[in-house]
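Next comes upload-v8.csv, with CSV, C-alpha atoms (C1' of nucleotides).
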chain,number,residue,atom,x,y,z
A,1,MET,CA,127.5,94.5,125.8
A,2,HIS,CA,127.4,97.2,128.5
A,3,ILE,CA,126.6,100.8,127.8
A,4,SER,CA,126.9,103.5,130.4
A,5,ALA,CA,124.9,106.7,130.7
A,6,ASP,CA,128.2,108.5,129.8
A,7,ASP,CA,128.3,106.6,126.5
A,8,LEU,CA,124.9,107.8,125.6
A,9,ILE,CA,125.7,111.3,126.7
A,10,ALA,CA,128.8,111.2,124.5
A,11,VAL,CA,126.7,110.4,121.5
A,12,LEU,CA,124.3,113.3,122.2
A,13,LYS,CA,127.3,115.6,122.5
A,14,GLY,CA,128.7,114.3,119.3
A,15,GLU,CA,125.5,115.1,117.6
A,16,GLY,CA,125.7,118.7,118.8
A,17,LEU,CA,122.7,118.2,121.1
A,18,ARG,CA,122.6,119.7,124.6
A,19,ILE,CA,123.0,117.8,127.9
A,20,THR,CA,120.4,118.7,130.4
A,21,GLU,CA,119.6,117.3,133.8
A,22,ALA,CA,116.5,115.5,132.4
A,23,ARG,CA,118.5,113.9,129.6
A,24,ARG,CA,121.3,112.9,132.0
A,25,ALA,CA,118.7,111.2,134.2
A,26,ILE,CA,117.0,109.4,131.4
A,27,CYS,CA,120.3,108.2,130.2
A,28,GLU,CA,121.1,106.7,133.6
A,29,VAL,CA,117.7,105.1,133.8
A,30,ILE,CA,117.9,103.3,130.5
A,31,ALA,CA,121.5,102.4,130.8
A,32,VAL,CA,120.9,100.3,133.9
A,33,GLU,CA,121.2,96.8,132.5
A,34,HIS,CA,118.6,95.1,134.7
A,35,ASP,CA,116.1,97.8,134.1
A,36,ASP,CA,115.2,96.5,130.7
A,37,HIS,CA,111.6,96.6,129.6
A,38,LEU,CA,110.6,100.0,130.9
A,39,SER,CA,107.7,101.8,129.4
A,40,PRO,CA,108.0,105.6,128.8
A,41,THR,CA,105.9,106.1,131.9
A,42,GLU,CA,108.3,104.0,134.0
A,43,VAL,CA,111.3,105.8,132.5
A,44,HIS,CA,109.6,109.0,133.5
A,45,GLU,CA,109.0,107.9,137.1
A,46,ARG,CA,112.5,106.7,137.6
A,47,ALA,CA,114.1,109.6,135.9
A,48,GLN,CA,112.5,111.9,138.4
A,49,VAL,CA,114.0,109.9,141.2
A,50,VAL,CA,117.4,110.0,139.7
A,51,ALA,CA,117.3,113.7,138.8
A,52,LYS,CA,115.7,114.6,142.2
A,53,GLN,CA,113.6,117.1,140.4
A,54,PRO,CA,110.3,117.0,138.5
A,55,ILE,CA,110.5,116.1,134.8
A,56,ASP,CA,107.6,116.5,132.5
A,57,PRO,CA,106.3,113.4,130.7
A,58,SER,CA,106.4,115.2,127.4
A,59,THR,CA,110.1,115.7,128.0
A,60,VAL,CA,110.6,112.0,128.4
A,61,TYR,CA,108.7,111.3,125.2
A,62,ARG,CA,110.6,113.9,123.3
A,63,THR,CA,113.9,112.6,124.6
A,64,LEU,CA,113.1,109.0,123.8
A,65,GLU,CA,112.1,110.1,120.3
A,66,VAL,CA,115.5,111.7,119.9
A,67,PHE,CA,117.2,108.5,121.2
A,68,GLU,CA,115.2,106.4,118.7
A,69,ARG,CA,116.2,108.7,115.9
A,70,LEU,CA,119.8,108.3,116.8
A,71,GLU,CA,119.2,104.5,117.1
A,72,LEU,CA,120.4,104.5,120.7
A,73,VAL,CA,117.2,102.8,121.8
A,74,HIS,CA,114.3,101.2,120.2
A,75,HIS,CA,110.9,100.1,121.5
A,76,VAL,CA,109.6,96.6,121.8
A,77,HIS,CA,105.9,95.5,122.1
A,78,LEU,CA,105.7,92.8,124.7
A,79,GLY,CA,102.0,92.8,125.3
A,80,HIS,CA,98.9,94.9,125.3
A,81,GLY,CA,100.4,97.9,127.1
A,82,PRO,CA,102.6,100.6,125.8
A,83,GLY,CA,105.9,99.6,124.1
A,84,VAL,CA,109.0,99.3,126.2
A,85,ILE,CA,112.3,100.9,125.7
A,86,HIS,CA,115.4,98.8,124.9
A,87,LEU,CA,119.0,99.8,124.5
A,88,SER,CA,120.0,99.1,120.9
A,89,ALA,CA,123.5,98.3,122.0
A,90,ALA,CA,122.3,95.6,124.4
A,91,ASP,CA,122.5,92.0,123.2
A,92,GLN,CA,120.1,91.5,120.4
A,93,HIS,CA,117.4,89.1,121.5
A,94,HIS,CA,113.8,88.3,120.8
A,95,HIS,CA,111.1,88.1,123.5
A,96,LEU,CA,108.6,85.3,124.3
A,97,THR,CA,105.8,86.7,126.4
A,98,CYS,CA,103.3,84.5,128.2
A,99,ASP,CA,99.8,85.7,127.4
A,100,ARG,CA,98.6,84.3,130.7
A,101,CYS,CA,101.1,85.2,133.4
A,102,GLY,CA,103.1,87.9,131.5
A,103,ALA,CA,106.5,86.3,132.0
A,104,THR,CA,109.0,87.3,129.4
A,105,ILE,CA,111.7,85.0,128.2
A,106,ASP,CA,114.7,86.4,126.3
A,107,VAL,CA,115.9,84.4,123.3
A,108,PRO,CA,119.3,85.2,121.8
A,109,ALA,CA,119.0,86.5,118.3
A,110,GLN,CA,121.3,83.8,116.9
A,111,ALA,CA,119.0,81.1,118.1
A,112,LEU,CA,116.4,82.4,115.7
A,113,GLU,CA,118.8,83.1,112.9
A,114,PRO,CA,118.0,80.0,110.8
A,115,PHE,CA,114.3,80.7,111.1
A,116,PHE,CA,114.6,84.3,110.1
A,117,SER,CA,116.8,83.5,107.1
A,118,GLY,CA,114.2,81.0,106.1
A,119,LEU,CA,111.5,83.7,106.2
A,120,HIS,CA,113.8,85.9,104.2
A,121,ASP,CA,114.2,83.3,101.5
A,122,ALA,CA,110.6,82.5,101.3
A,123,PHE,CA,109.0,85.9,101.6
A,124,GLY,CA,111.8,88.4,101.0
A,125,PHE,CA,111.1,89.7,104.5
A,126,THR,CA,113.9,90.8,106.8
A,127,VAL,CA,112.7,90.3,110.4
A,128,ASN,CA,113.7,92.8,113.0
A,129,PRO,CA,114.0,90.4,115.8
A,130,SER,CA,113.5,92.8,118.6
A,131,HIS,CA,110.4,94.8,117.7
A,132,PHE,CA,107.7,92.5,118.7
A,133,ALA,CA,107.4,89.7,121.2
A,134,LEU,CA,106.0,86.3,120.3
A,135,GLY,CA,103.0,85.5,122.4
A,136,GLY,CA,102.0,82.2,123.7
A,137,LEU,CA,102.1,80.1,126.9
A,138,CYS,CA,105.1,79.5,129.1
A,139,ARG,CA,105.9,76.1,130.4
A,140,ASP,CA,104.2,76.6,133.8
A,141,CYS,CA,101.0,78.1,132.4
A,142,GLU,CA,100.7,75.4,129.8
A,143,HIS,CA,100.9,72.7,132.4
A,144,SER,CA,98.4,74.4,134.7
A,145,GLU,CA,96.1,74.8,131.7
A,146,ASN,CA,96.4,71.1,130.8
A,147,SER,CA,95.8,70.0,134.4
A,148,GLY,CA,93.2,72.6,135.3
B,1,MET,CA,87.6,78.4,106.0
B,2,HIS,CA,84.6,80.6,105.6
B,3,ILE,CA,82.4,81.7,108.4
B,4,SER,CA,79.3,83.7,107.9
B,5,ALA,CA,77.6,86.2,110.1
B,6,ASP,CA,74.9,83.7,110.6
B,7,ASP,CA,77.4,81.2,111.9
B,8,LEU,CA,78.5,83.7,114.5
B,9,ILE,CA,75.0,84.6,115.5
B,10,ALA,CA,74.2,80.9,115.9
B,11,VAL,CA,77.0,80.6,118.4
B,12,LEU,CA,75.6,83.6,120.4
B,13,LYS,CA,72.2,82.0,120.4
B,14,GLY,CA,73.6,78.7,121.5
B,15,GLU,CA,75.1,80.5,124.4
B,16,GLY,CA,71.8,81.9,125.4
B,17,LEU,CA,72.9,85.5,124.5
B,18,ARG,CA,70.7,87.9,122.7
B,19,ILE,CA,70.8,89.0,119.1
B,20,THR,CA,70.6,92.7,118.7
B,21,GLU,CA,70.9,94.9,115.6
B,22,ALA,CA,74.3,96.1,116.8
B,23,ARG,CA,75.6,92.5,117.2
B,24,ARG,CA,74.1,91.5,113.9
B,25,ALA,CA,76.0,94.3,112.3
B,26,ILE,CA,79.3,93.6,114.0
B,27,CYS,CA,79.0,89.9,113.0
B,28,GLU,CA,78.6,90.9,109.4
B,29,VAL,CA,81.5,93.3,109.5
B,30,ILE,CA,84.0,90.8,110.9
B,31,ALA,CA,82.7,87.9,108.9
B,32,VAL,CA,83.6,89.5,105.6
B,33,GLU,CA,86.7,87.6,104.5
B,34,HIS,CA,88.6,90.4,103.0
B,35,ASP,CA,87.9,92.8,105.9
B,36,ASP,CA,90.6,91.2,108.0
B,37,HIS,CA,92.8,93.4,110.1
B,38,LEU,CA,90.1,95.8,111.4
B,39,SER,CA,90.7,97.8,114.6
B,40,PRO,CA,87.8,98.1,117.0
B,41,THR,CA,87.3,101.6,115.8
B,42,GLU,CA,87.1,100.4,112.2
B,43,VAL,CA,84.6,97.7,113.2
B,44,HIS,CA,82.6,100.4,114.8
B,45,GLU,CA,82.5,102.6,111.8
B,46,ARG,CA,81.6,99.8,109.4
B,47,ALA,CA,79.0,98.4,111.8
B,48,GLN,CA,77.1,101.7,111.8
B,49,VAL,CA,77.0,101.6,108.0
B,50,VAL,CA,75.8,98.0,108.0
B,51,ALA,CA,73.2,98.7,110.7
B,52,LYS,CA,72.1,102.0,109.2
B,53,GLN,CA,71.8,103.3,112.8
B,54,PRO,CA,74.2,104.8,115.3
B,55,ILE,CA,76.1,102.3,117.5
B,56,ASP,CA,78.1,103.4,120.5
B,57,PRO,CA,81.8,102.6,120.6
B,58,SER,CA,81.4,101.0,124.0
B,59,THR,CA,78.9,98.6,122.5
B,60,VAL,CA,81.5,97.5,120.0
B,61,TYR,CA,84.2,97.0,122.7
B,62,ARG,CA,81.8,95.1,124.9
B,63,THR,CA,80.6,92.9,122.0
B,64,LEU,CA,84.2,92.1,120.9
B,65,GLU,CA,85.0,91.2,124.4
B,66,VAL,CA,82.1,88.7,124.4
B,67,PHE,CA,83.4,87.4,121.1
B,68,GLU,CA,86.9,86.9,122.4
B,69,ARG,CA,85.6,85.1,125.5
B,70,LEU,CA,83.7,82.7,123.2
B,71,GLU,CA,86.9,82.4,121.1
B,72,LEU,CA,85.1,83.5,118.0
B,73,VAL,CA,87.7,86.2,117.4
B,74,HIS,CA,91.0,87.2,118.8
B,75,HIS,CA,93.1,90.3,118.4
B,76,VAL,CA,96.5,90.6,116.7
B,77,HIS,CA,99.1,93.3,117.3
B,78,LEU,CA,100.4,94.3,113.9
B,79,GLY,CA,102.1,97.6,114.8
B,80,HIS,CA,101.9,100.5,117.0
B,81,GLY,CA,98.2,101.2,116.8
B,82,PRO,CA,95.4,99.3,118.5
B,83,GLY,CA,95.2,95.6,118.0
B,84,VAL,CA,93.1,94.3,115.1
B,85,ILE,CA,90.3,91.8,115.1
B,86,HIS,CA,90.7,88.4,113.6
B,87,LEU,CA,88.2,85.6,113.1
B,88,SER,CA,89.5,82.6,115.0
B,89,ALA,CA,87.9,80.3,112.5
B,90,ALA,CA,89.9,81.8,109.7
B,91,ASP,CA,93.0,80.1,108.5
B,92,GLN,CA,95.7,80.3,111.2
B,93,HIS,CA,98.5,82.4,110.0
B,94,HIS,CA,101.2,84.6,111.3
B,95,HIS,CA,101.8,88.2,110.2
B,96,LEU,CA,104.9,89.9,108.9
B,97,THR,CA,104.5,93.7,109.2
B,98,CYS,CA,106.9,96.1,107.4
B,99,ASP,CA,108.0,98.7,109.9
B,100,ARG,CA,108.5,101.2,107.1
B,101,CYS,CA,105.5,100.9,104.8
B,102,GLY,CA,103.1,99.0,107.0
B,103,ALA,CA,102.5,96.2,104.5
B,104,THR,CA,101.3,93.0,106.1
B,105,ILE,CA,102.3,89.6,104.7
B,106,ASP,CA,100.4,86.6,105.9
B,107,VAL,CA,102.4,83.4,106.5
B,108,PRO,CA,100.5,80.1,106.9
B,109,ALA,CA,100.9,78.7,110.3
B,110,GLN,CA,102.2,75.4,109.1
B,111,ALA,CA,105.2,77.2,107.5
B,112,LEU,CA,106.3,78.2,110.9
B,113,GLU,CA,105.5,74.9,112.6
B,114,PRO,CA,109.1,73.6,112.6
B,115,PHE,CA,110.4,76.8,114.1
B,116,PHE,CA,107.8,77.0,116.8
B,117,SER,CA,108.3,73.4,117.9
B,118,GLY,CA,112.0,74.1,118.1
B,119,LEU,CA,111.2,77.0,120.5
B,120,HIS,CA,109.0,74.7,122.4
B,121,ASP,CA,111.8,72.1,122.8
B,122,ALA,CA,114.3,74.7,123.8
B,123,PHE,CA,112.3,77.0,126.0
B,124,GLY,CA,109.2,75.1,126.9
B,125,PHE,CA,107.2,77.9,125.3
B,126,THR,CA,104.2,77.3,123.2
B,127,VAL,CA,103.9,80.1,120.7
B,128,ASN,CA,100.5,81.4,119.8
B,129,PRO,CA,101.2,82.2,116.2
B,130,SER,CA,98.6,84.8,115.7
B,131,HIS,CA,98.9,87.2,118.6
B,132,PHE,CA,101.8,89.3,117.5
B,133,ALA,CA,103.2,90.2,114.1
B,134,LEU,CA,106.9,90.0,113.4
B,135,GLY,CA,108.3,93.4,112.4
B,136,GLY,CA,111.0,94.0,109.9
B,137,LEU,CA,111.4,95.2,106.4
B,138,CYS,CA,109.6,94.0,103.3
B,139,ARG,CA,111.4,93.3,100.1
B,140,ASP,CA,110.6,96.6,98.6
B,141,CYS,CA,111.6,98.7,101.5
B,142,GLU,CA,114.8,96.8,102.1
B,143,HIS,CA,115.8,97.4,98.5
B,144,SER,CA,115.0,101.1,98.7
B,145,GLU,CA,116.9,101.3,101.9
B,146,ASN,CA,120.0,99.7,100.4
B,147,SER,CA,119.8,101.8,97.2
B,148,GLY,CA,118.7,105.0,98.9
C,1,DG,C1',123.2,135.7,122.3
C,2,DT,C1',121.1,131.9,120.0
C,3,DC,C1',118.6,128.1,119.5
C,4,DA,C1',117.7,123.7,121.5
C,5,DA,C1',115.1,121.9,125.2
C,6,DT,C1',111.8,122.3,128.9
C,7,DG,C1',107.4,122.9,131.5
C,8,DC,C1',102.8,123.6,131.3
C,9,DA,C1',98.3,123.1,129.6
C,10,DA,C1',95.4,121.5,126.4
C,11,DA,C1',94.0,118.3,123.0
C,12,DC,C1',93.7,113.7,121.2
C,13,DT,C1',93.1,108.6,120.8
C,14,DT,C1',91.8,104.5,122.5
C,15,DT,C1',89.5,102.0,125.9
C,16,DT,C1',86.9,101.4,130.3
C,17,DT,C1',83.2,102.0,133.5
C,18,DG,C1',78.7,103.4,136.0
C,19,DC,C1',74.1,103.8,135.5
C,20,DA,C1',69.5,104.5,133.9
C,21,DA,C1',66.7,103.1,130.0
C,22,DC,C1',65.6,99.8,126.8
C,23,DT,C1',64.4,95.4,124.5
C,24,DC,C1',65.2,90.7,123.2
C,25,DC,C1',63.6,86.2,124.5
D,1,DG,C1',58.7,90.4,133.1
D,2,DG,C1',63.5,89.8,133.8
D,3,DA,C1',68.0,89.7,132.6
D,4,DG,C1',71.1,90.8,129.0
D,5,DT,C1',72.3,95.0,126.2
D,6,DT,C1',72.6,99.5,125.0
D,7,DG,C1',73.6,104.6,124.9
D,8,DC,C1',75.3,108.3,127.2
D,9,DA,C1',78.6,110.6,129.9
D,10,DA,C1',82.5,110.7,132.4
D,11,DA,C1',86.9,109.0,133.4
D,12,DA,C1',91.2,106.7,132.6
D,13,DA,C1',95.7,106.0,130.3
D,14,DG,C1',99.1,107.0,127.0
D,15,DT,C1',100.7,110.2,123.9
D,16,DT,C1',101.2,114.5,121.1
D,17,DT,C1',101.3,119.4,120.4
D,18,DG,C1',101.7,124.7,120.8
D,19,DC,C1',103.8,128.2,123.0
D,20,DA,C1',106.3,131.1,126.1
D,21,DT,C1',110.3,130.5,129.0
D,22,DT,C1',114.5,128.7,130.3
D,23,DG,C1',119.1,127.4,129.9
D,24,DA,C1',123.2,125.0,127.5
D,25,DC,C1',126.9,126.1,124.7
Rewrite the structure from the file as structure tokens, please.
Amino acid sequence: MHISADDLIAVLKGEGLRITEARRAICEVIAVEHDDHLSPTEVHERAQVVAKQPIDPSTVYRTLEVFERLELVHHVHLGHGPGVIHLSAADQHHHLTCDRCGATIDVPAQALEPFFSGLHDAFGFTVNPSHFALGGLCRDCEHSENSG
Amino acid sequence: MHISADDLIAVLKGEGLRITEARRAICEVIAVEHDDHLSPTEVHERAQVVAKQPIDPSTVYRTLEVFERLELVHHVHLGHGPGVIHLSAADQHHHLTCDRCGATIDVPAQALEPFFSGLHDAFGFTVNPSHFALGGLCRDCEHSENSG
DNA sequence: GTCAATGCAAACTTTTTGCAACTCC
DNA sequence: GGAGTTGCAAAAAGTTTGCATTGAC
């Protein structure tokens, strides 16, 4: 599913919130489909480029907070660093992150559905498939580990 | 499986490393079975109590680094905060962490085995079951969400 | 004009690093 | 005695907060 910056801005307007240059820029940055997996710091850097004006880091944090509250975005923990921002409207998927090379593999949520419903049955726990990555070794790194 | 502080110290000795009061204390803290899920900061606090002398935080970080290199411990990301320290020799298990109340449910690794081997078949990815928690809602929080 | 939003600076938390002093083996 | 360890201090990175000012509606 594709979401445009305008879609995000429309939600803000609908909530009675104000549209500023900083917010417009942040919306554009996170709406770019292939710019998934951005940390707040990266959102900040790119937003400044888009806005062609300085934006304070705290503004980015506060804006992302608003967006999370409105459930426009959520954050995912892929590894050791800071969480990364994800559009909630994007395809739901889980992440497999290689502990060695850092590669991230996206897994469609429906591929995990049977597993998650099994967990729900056994433990009464409803997994949010997109909050944490699963760590491990990707194919390449496993092979090089076995042979090296 | 139970591991004692002495077991850990024996490994250090076997590696030709030195046993200091700080390390002895840290070994005792992380070997206590029910003191799972300690952050480095918590390890630090408790180690000082055990050692009855001040220990520098950097010493704790450096010691935990050594322990990870020797694969005596590893760290697990349960939520937003810092990773927590886990004895590698403890029973392998995965963690389910409630995003709302923070409760952590331990799931035996073998319960997840079929799922993980399915992921391996489909994506060539070997999951490390104990590096990240799965986020979601525990039974209680899900019920209160539905009814509230 | 009002109130949300911003910039700035400061504080905070967690973690890392350099270096001299120490002490375990 | 020598090398592994430590404490201290400073720095780094990421994030949060207070407050006066600005600017969207």
* Please return, as a ChimeraX atom specification, all residues of chain B lying within 6 Å of chain A when only C-alpha atoms are considered. => /B:124-128,131-132,134-139
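Those residues of chain D that fall within 12 Å of chain B when using all atoms listed in the file read DA3, DG4, DT5, DT6, DG7, DC8, DA9, DG14 and DT15 of chain D.
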Selection: 12 Å around DA9 in chain C, all atoms listed in the file, excl. self and same-chain fewer than 2 positions, as a PDB file with C-alpha atoms (C1' of nucleotides), keeping the file's coordinate frame:
ATOM      1  CA  ASP A  56     107.600 116.500 132.500  1.00  0.00           C
ATOM      2  CA  SER A  58     106.400 115.200 127.400  1.00  0.00           C
TER       3      SER A  58
ATOM      4  C1'  DG C   7     107.400 122.900 131.500  1.00  0.00           C
ATOM      5  C1'  DA C  11      94.000 118.300 123.000  1.00  0.00           C
TER       6       DA C  11
ATOM      7  C1'  DT D  17     101.300 119.400 120.400  1.00  0.00           C
ATOM      8  C1'  DG D  18     101.700 124.700 120.800  1.00  0.00           C
ATOM      9  C1'  DC D  19     103.800 128.200 123.000  1.00  0.00           C
ATOM     10  C1'  DA D  20     106.300 131.100 126.100  1.00  0.00           C
TER      11       DA D  20
END
* Shortest interatomic distance to chain A - which of C:DA4, C:DC12, C:DC19, C:DC25, counting all atoms listed in the file ->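 Using all atoms listed in the file, chain A sits closest to C:DA4.
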* Kindly provide, as an MDAnalysis selection string, the residues of chain C having any atom no farther than 10 Å from an atom of chain B, counting all atoms listed in the file. => chainID C and resid 13:17 23:25
* **For CA of Ser4 in chain B and CA of Gln92 in chain B, the interatomic separation in Å (one decimal)** =>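 That distance, rounded to one decimal, is 17.1 Å.
With CA of Leu87 in chain A on one side and CA of His74 in chain A on the other, the separation reads 6.5 Å.
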* For the atom pair CA of Glu71 in chain B and CA of Ser117 in chain B, what is the interatomic distance in Å to one decimal place? -> 23.4 Å
* To do: Would you be able to write out as a list of chain:residue names which residues have an atom within 6 Å of (114.1, 105.3, 123.9) in the file's coordinates, counting all atoms listed in the file?
  =>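 With a cut-off of 6 Å, the residues come to A:Leu64, A:Phe67, A:Glu68, A:Val73, A:His74, A:Ile85.
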* **Option closest in space to Leu72 in chain B, from B:Ala103, B:Ala89, B:Ala109, B:Ala51 [counting all atoms listed in the file]** =>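 Result for the nearest residue to Leu72 in chain B: B:Ala89.
The nearest approach to Asp36 in chain A among the residues A:Arg100, A:His86, A:His143, A:His93, with all atoms listed in the file taken into account, belongs to A:His86.
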Please rebuild range 16-29 of chain A with N, CA and C atoms and return the result as a tab-separated table (two decimals), in the coordinates of the input.
chain	number	residue	atom	x	y	z
A	16	GLY	N	125.93	117.27	118.63
A	16	GLY	CA	125.70	118.70	118.80
A	16	GLY	C	124.47	119.01	119.64
A	17	LEU	N	123.94	117.97	120.31
A	17	LEU	CA	122.70	118.20	121.10
A	17	LEU	C	123.17	118.60	122.55
A	18	ARG	N	122.21	119.14	123.29
A	18	ARG	CA	122.60	119.70	124.60
A	18	ARG	C	122.28	118.67	125.71
A	19	ILE	N	123.13	118.72	126.71
A	19	ILE	CA	123.00	117.80	127.90
A	19	ILE	C	122.30	118.54	128.98
A	20	THR	N	121.12	118.08	129.29
A	20	THR	CA	120.40	118.70	130.40
A	20	THR	C	120.21	117.67	131.51
A	21	GLU	N	119.74	118.17	132.64
A	21	GLU	CA	119.60	117.30	133.80
A	21	GLU	C	118.56	116.17	133.44
A	22	ALA	N	117.51	116.54	132.74
A	22	ALA	CA	116.50	115.50	132.40
A	22	ALA	C	117.13	114.45	131.50
A	23	ARG	N	117.93	114.85	130.54
A	23	ARG	CA	118.50	113.90	129.60
A	23	ARG	C	119.55	113.00	130.37
A	24	ARG	N	120.30	113.64	131.24
A	24	ARG	CA	121.30	112.90	132.00
A	24	ARG	C	120.54	111.79	132.80
A	25	ALA	N	119.43	112.18	133.43
A	25	ALA	CA	118.70	111.20	134.20
A	25	ALA	C	118.11	110.10	133.38
A	26	ILE	N	117.55	110.46	132.25
A	26	ILE	CA	117.00	109.40	131.40
A	26	ILE	C	118.04	108.48	130.89
A	27	CYS	N	119.21	109.02	130.57
A	27	CYS	CA	120.30	108.20	130.20
A	27	CYS	C	120.67	107.17	131.25
A	28	GLU	N	120.71	107.65	132.47
A	28	GLU	CA	121.10	106.70	133.60
A	28	GLU	C	120.01	105.65	133.73
A	29	VAL	N	118.76	106.04	133.62
A	29	VAL	CA	117.70	105.10	133.80
A	29	VAL	C	117.76	103.96	132.77
